[in-house]
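Text of the file structure-v5.csv, holding CSV, C-alpha atoms:
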```
chain,number,residue,atom,x,y,z
A,1,MET,CA,-4.9,-8.1,-8.7
A,2,GLU,CA,-8.3,-8.8,-7.0
A,3,ASP,CA,-9.8,-7.9,-3.7
A,4,LEU,CA,-9.3,-10.2,-0.7
A,5,GLY,CA,-12.5,-12.2,-1.2
A,6,ASP,CA,-15.4,-12.6,1.2
A,7,ILE,CA,-14.5,-10.3,4.1
A,8,ALA,CA,-16.5,-7.9,6.1
A,9,TRP,CA,-15.8,-4.4,4.7
A,10,PRO,CA,-15.2,-1.7,5.8
A,11,PRO,CA,-13.7,-2.5,9.2
A,12,GLU,CA,-13.8,0.0,12.0
A,13,PRO,CA,-11.0,2.6,11.6
A,14,ILE,CA,-7.7,1.1,12.8
A,15,ARG,CA,-6.0,3.4,15.2
A,16,THR,CA,-2.3,3.4,16.0
A,17,GLU,CA,-0.2,5.7,18.2
A,18,ARG,CA,-0.2,8.4,15.6
A,19,LEU,CA,-2.3,7.3,12.7
A,20,VAL,CA,-5.8,6.1,11.6
A,21,LEU,CA,-6.3,3.7,8.8
A,22,ARG,CA,-9.8,4.2,7.3
A,23,GLU,CA,-11.8,4.1,4.1
A,24,PRO,CA,-11.4,6.9,1.5
A,25,GLU,CA,-13.7,9.9,2.0
A,26,PRO,CA,-14.4,12.9,-0.3
A,27,ARG,CA,-12.0,15.1,1.7
A,28,ASP,CA,-9.1,12.7,0.5
A,29,ARG,CA,-9.6,13.5,-3.2
A,30,THR,CA,-6.9,16.2,-3.4
A,31,ALA,CA,-4.4,14.1,-1.5
A,32,PHE,CA,-5.1,11.1,-3.9
A,33,ILE,CA,-4.4,13.4,-6.9
A,34,GLU,CA,-1.2,14.6,-5.3
A,35,LEU,CA,-0.1,11.0,-4.5
A,36,LEU,CA,-0.8,9.8,-8.1
A,37,ALA,CA,0.7,12.8,-9.8
A,38,SER,CA,3.9,12.9,-7.7
A,39,PRO,CA,7.1,12.3,-9.6
A,40,GLU,CA,8.9,11.3,-6.3
A,41,VAL,CA,6.2,8.8,-5.3
A,42,HIS,CA,6.2,7.2,-8.7
A,43,ALA,CA,9.9,7.2,-9.4
A,44,TYR,CA,9.9,3.4,-9.0
A,45,LEU,CA,6.3,2.8,-10.1
A,46,GLY,CA,6.5,3.6,-13.8
A,47,GLY,CA,6.3,7.4,-13.5
A,48,PRO,CA,3.5,9.7,-12.5
A,49,ARG,CA,0.3,10.2,-14.4
A,50,PRO,CA,-0.6,13.7,-15.7
A,51,ARG,CA,-2.4,15.7,-13.0
A,52,ASP,CA,-5.1,17.0,-15.3
A,53,GLU,CA,-5.9,13.4,-16.4
A,54,ILE,CA,-6.1,12.3,-12.8
A,55,GLU,CA,-8.3,15.3,-11.8
A,56,ARG,CA,-10.7,14.4,-14.7
A,57,GLU,CA,-10.9,10.7,-13.8
A,58,MET,CA,-10.9,10.8,-10.0
A,59,PRO,CA,-14.4,10.5,-8.6
A,60,GLU,CA,-15.6,12.9,-5.9
A,61,THR,CA,-15.1,10.1,-3.4
A,62,PRO,CA,-12.0,8.0,-4.3
A,63,GLU,CA,-12.8,4.4,-5.0
A,64,ARG,CA,-13.6,2.3,-2.0
A,65,TRP,CA,-12.9,-1.4,-2.1
A,66,PRO,CA,-11.9,-4.1,0.4
A,67,GLY,CA,-8.2,-3.8,1.3
A,68,SER,CA,-7.7,-0.1,0.4
A,69,PHE,CA,-6.9,2.0,3.4
A,70,VAL,CA,-6.2,5.7,3.6
A,71,VAL,CA,-3.4,6.5,6.1
A,72,ASP,CA,-4.6,9.5,8.1
A,73,LEU,CA,-2.4,11.8,10.2
A,74,ASP,CA,-4.3,14.4,12.3
A,75,GLY,CA,-7.3,14.3,9.9
A,76,ALA,CA,-5.3,14.5,6.7
A,77,MET,CA,-4.4,11.7,4.2
A,78,ILE,CA,-0.6,11.1,4.0
A,79,GLY,CA,-0.7,7.8,2.1
A,80,GLN,CA,-2.5,4.7,1.1
A,81,ILE,CA,-2.1,1.0,1.9
A,82,LEU,CA,-3.4,-1.7,-0.5
A,83,LEU,CA,-4.0,-5.3,0.4
A,84,ARG,CA,-5.1,-7.3,-2.6
A,85,ARG,CA,-5.0,-10.9,-3.8
A,86,ALA,CA,-2.1,-11.4,-6.2
A,87,THR,CA,-4.1,-13.6,-8.6
A,88,GLY,CA,-2.4,-12.5,-11.8
A,89,HIS,CA,1.1,-12.1,-10.4
A,90,SER,CA,3.8,-13.2,-12.9
A,91,ARG,CA,5.8,-14.9,-10.3
A,92,PRO,CA,4.6,-18.4,-9.2
A,93,ALA,CA,5.7,-17.8,-5.5
A,94,ALA,CA,3.3,-14.8,-5.3
A,95,ALA,CA,0.3,-16.0,-7.3
A,96,GLY,CA,-2.9,-16.1,-5.2
A,97,LYS,CA,-1.3,-14.7,-2.0
A,98,ALA,CA,-2.2,-11.5,-0.3
A,99,ASP,CA,-0.1,-8.6,-1.7
A,100,LEU,CA,0.9,-5.5,0.3
A,101,GLY,CA,1.3,-2.2,-1.5
A,102,TYR,CA,1.9,1.3,-0.1
A,103,MET,CA,2.4,4.8,-1.2
A,104,PHE,CA,3.1,7.8,1.0
A,105,LEU,CA,3.3,11.5,0.2
A,106,PRO,CA,7.0,12.6,0.3
A,107,ARG,CA,6.4,14.9,3.3
A,108,ALA,CA,5.6,11.7,5.3
A,109,TRP,CA,8.8,9.9,4.3
A,110,GLY,CA,11.4,9.0,6.9
A,111,LEU,CA,9.2,9.5,9.9
A,112,GLY,CA,8.2,5.9,10.7
A,113,TYR,CA,4.6,6.3,9.4
A,114,GLY,CA,5.1,3.5,6.8
A,115,VAL,CA,6.2,0.9,9.4
A,116,GLU,CA,3.4,2.0,11.8
A,117,ALA,CA,0.6,2.0,9.2
A,118,CYS,CA,1.7,-1.2,7.4
A,119,THR,CA,2.1,-3.1,10.7
A,120,ALA,CA,-1.4,-2.1,11.6
A,121,ALA,CA,-2.8,-3.2,8.2
A,122,LEU,CA,-0.9,-6.5,8.4
A,123,GLY,CA,-2.3,-7.0,11.9
A,124,TRP,CA,-5.8,-6.4,10.6
A,125,LEU,CA,-5.2,-8.9,7.8
A,126,GLU,CA,-3.9,-11.6,10.3
A,127,ASP,CA,-7.1,-11.1,12.4
A,128,THR,CA,-9.3,-11.2,9.3
A,129,LEU,CA,-7.6,-14.0,7.3
A,130,PRO,CA,-5.5,-16.0,9.9
A,131,GLY,CA,-2.5,-17.8,8.5
A,132,GLU,CA,-2.4,-15.8,5.3
A,133,PRO,CA,1.1,-15.3,3.9
A,134,VAL,CA,1.7,-11.9,2.4
A,135,VAL,CA,4.0,-10.9,-0.5
A,136,LEU,CA,5.4,-7.6,-1.5
A,137,THR,CA,7.1,-6.5,-4.7
A,138,THR,CA,9.3,-3.5,-5.1
A,139,GLN,CA,12.1,-2.3,-7.3
A,140,SER,CA,15.4,-3.3,-5.7
A,141,ALA,CA,16.7,0.2,-6.4
A,142,ASN,CA,14.0,1.7,-4.2
A,143,ALA,CA,16.1,1.8,-1.0
A,144,GLY,CA,13.3,3.3,1.1
A,145,SER,CA,10.8,0.5,0.2
A,146,MET,CA,13.5,-2.1,0.7
A,147,ARG,CA,14.1,-0.8,4.2
A,148,LEU,CA,10.4,-0.8,5.0
A,149,ALA,CA,10.0,-4.4,3.7
A,150,ALA,CA,12.9,-5.5,6.0
A,151,LYS,CA,11.4,-3.7,9.0
A,152,LEU,CA,8.0,-5.4,8.4
A,153,GLY,CA,9.7,-8.9,8.4
A,154,PHE,CA,9.6,-9.6,4.6
A,155,THR,CA,12.4,-11.9,3.4
A,156,GLU,CA,13.6,-12.2,-0.2
A,157,VAL,CA,12.0,-14.9,-2.3
A,158,GLU,CA,13.5,-13.9,-5.6
A,159,ARG,CA,14.7,-11.0,-7.8
A,160,PHE,CA,13.5,-10.7,-11.4
A,161,GLU,CA,13.5,-8.3,-14.3
A,162,ALA,CA,10.2,-6.5,-15.1
A,163,TRP,CA,9.2,-3.1,-16.4
A,164,GLY,CA,12.8,-2.4,-17.3
A,165,ALA,CA,14.2,-2.8,-13.8
A,166,GLU,CA,15.2,-5.4,-11.3
A,167,GLN,CA,12.3,-6.3,-9.0
A,168,TRP,CA,12.4,-7.7,-5.5
A,169,LEU,CA,9.8,-10.2,-4.3
A,170,GLY,CA,9.6,-10.7,-0.6
A,171,MET,CA,7.3,-12.8,1.6
A,172,ARG,CA,6.1,-12.5,5.2
A,173,SER,CA,4.8,-15.5,7.0
A,174,PRO,CA,1.9,-14.8,9.3
A,175,ALA,CA,4.0,-15.5,12.4
A,176,THR,CA,6.7,-12.9,11.4
A,177,PRO,CA,6.7,-10.1,14.0
A,178,SER,CA,7.5,-6.6,12.8
A,179,ARG,CA,10.3,-4.7,14.6
```
Represent the structure contained in this file as structure tokens.
Amino acid sequence: MEDLGDIAWPPEPIRTERLVLREPEPRDRTAFIELLASPEVHAYLGGPRPRDEIEREMPETPERWPGSFVVDLDGAMIGQILLRRATGHSRPAAAGKADLGYMFLPRAWGLGYGVEACTAALGWLEDTLPGEPVVLTTQSANAGSMRLAAKLGFTEVERFEAWGAEQWLGMRSPATPSR
């Protein structure tokens, strides 16, 4: 994966009804460690990394790069949204397209934050790179991620085997409204 190319970064924080999408800050380090070490978050992402390893490797300010948004609720990080270019994607239908990824802390699951945050990030992408199609890959067994993809307007392109599990590849055309 690569960044999105020649775009102005960082944007002004993106505000929704309940959330702010912004760049990582030093205060987010603990939440990033929690996110990356969570067995629940990484159940469909190859498993969590050891907390002590993450603590050693995590810089004081988590890495900032174009397309990486912290999802902030009331001044605290609850998740991350990643928009990257899928240059090395193994599936031809996804190669070179914008790729949406997301991770939320378990305490934020089931409250609509994923739809709200991803809709805002996709709106930013449409304003920044008009006409850009977006792909999303998730394990088909990840029911929560599959529901989120459907709510965001992604439609199935294909299913394939990778990393020992069935994967789902969806695409969202720029004109696809979210619900």
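In terms of minimum interatomic distance to A:Trp109, A:Arg147 ranks closest within A:Arg51, A:Arg64, A:Arg147, A:Arg91, counting all atoms listed in the file.
When atom CA of A:Arg15 is paired with atom CA of A:Ser145, their separation reads 22.7 Å.
By all atoms listed in the file, and with residues fewer than 5 positions from A:Ala120 along its chain excluded, the set lying at most 9 Å from it is A:Ile14, A:Arg15, A:Thr16, A:Leu21, A:Val115, A:Leu125.
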Shell around stretch 26-40 of chain A at 10 Å using only C-alpha atoms, local window under 2 positions removed, as a JSON list (two decimals) with C-alpha atoms, in the frame of the given file:
```json
[["chain", "number", "residue", "atom", "x", "y", "z"],
["A", 23, "GLU", "CA", -11.80, 4.10, 4.10],
["A", 24, "PRO", "CA", -11.40, 6.90, 1.50],
["A", 42, "HIS", "CA", 6.20, 7.20, -8.70],
["A", 43, "ALA", "CA", 9.90, 7.20, -9.40],
["A", 44, "TYR", "CA", 9.90, 3.40, -9.00],
["A", 45, "LEU", "CA", 6.30, 2.80, -10.10],
["A", 46, "GLY", "CA", 6.50, 3.60, -13.80],
["A", 47, "GLY", "CA", 6.30, 7.40, -13.50],
["A", 48, "PRO", "CA", 3.50, 9.70, -12.50],
["A", 49, "ARG", "CA", 0.30, 10.20, -14.40],
["A", 50, "PRO", "CA", -0.60, 13.70, -15.70],
["A", 51, "ARG", "CA", -2.40, 15.70, -13.00],
["A", 52, "ASP", "CA", -5.10, 17.00, -15.30],
["A", 53, "GLU", "CA", -5.90, 13.40, -16.40],
["A", 54, "ILE", "CA", -6.10, 12.30, -12.80],
["A", 55, "GLU", "CA", -8.30, 15.30, -11.80],
["A", 57, "GLU", "CA", -10.90, 10.70, -13.80],
["A", 58, "MET", "CA", -10.90, 10.80, -10.00],
["A", 59, "PRO", "CA", -14.40, 10.50, -8.60],
["A", 60, "GLU", "CA", -15.60, 12.90, -5.90],
["A", 61, "THR", "CA", -15.10, 10.10, -3.40],
["A", 62, "PRO", "CA", -12.00, 8.00, -4.30],
["A", 63, "GLU", "CA", -12.80, 4.40, -5.00],
["A", 70, "VAL", "CA", -6.20, 5.70, 3.60],
["A", 72, "ASP", "CA", -4.60, 9.50, 8.10],
["A", 75, "GLY", "CA", -7.30, 14.30, 9.90],
["A", 76, "ALA", "CA", -5.30, 14.50, 6.70],
["A", 77, "MET", "CA", -4.40, 11.70, 4.20],
["A", 78, "ILE", "CA", -0.60, 11.10, 4.00],
["A", 79, "GLY", "CA", -0.70, 7.80, 2.10],
["A", 80, "GLN", "CA", -2.50, 4.70, 1.10],
["A", 103, "MET", "CA", 2.40, 4.80, -1.20],
["A", 104, "PHE", "CA", 3.10, 7.80, 1.00],
["A", 105, "LEU", "CA", 3.30, 11.50, 0.20],
["A", 106, "PRO", "CA", 7.00, 12.60, 0.30]]
```
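Residues with any atom within 12 Å of A:Met146, counting all atoms listed in the file and excluding same-chain neighbours fewer than 2 positions away, are A:Tyr44, A:Gly114, A:Val115, A:Leu136, A:Thr137, A:Thr138, A:Gln139, A:Ser140, A:Ala141, A:Asn142, A:Ala143, A:Gly144, A:Leu148, A:Ala149, A:Ala150, A:Lys151, A:Leu152, A:Gly153, A:Phe154, A:Thr155, A:Glu156, A:Gln167, A:Trp168, A:Leu169, A:Gly170.
Among the candidate residues A:Arg84, A:Tyr113, A:Ala95, A:Leu4, the one lying nearest to A:Arg18 is A:Tyr113, with distances computed using all atoms listed in the file.
A straight line drawn from atom CA of A:Pro92 to atom CA of A:Gly131 is 19.1 Å long.
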Which value, in Å to one decimal, gives the distance between atom CA of A:Gly88 and atom CA of A:Glu166? 19.0 Å
Exercise: A:Leu100 partners within 8 Å, only C-alpha atoms, chain neighbours under 6 positions left out, as an NGL selection string: :A and (81-84 or 134-136)
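The nearest approach to A:Thr119 among the residues A:Pro66, A:Ala162, A:Tyr102, A:Glu25, with only C-alpha atoms taken into account, belongs to A:Tyr102.
Restricting the calculation to all atoms listed in the file, the smallest distance between A:Leu129 and any of A:Ala98, A:Leu19, A:Arg172, A:Glu116 is found for A:Ala98.
In this comparison, which uses only C-alpha atoms, the residue of A:Arg22, A:Arg159, A:Arg107, A:His89 approaching A:Trp124 most closely is A:Arg22.
Distance annotation: of A:Ala117, A:Val41, A:Arg85, A:Glu12, the residue with the minimal separation from A:Glu132 is A:Arg85; atom set is only C-alpha atoms.
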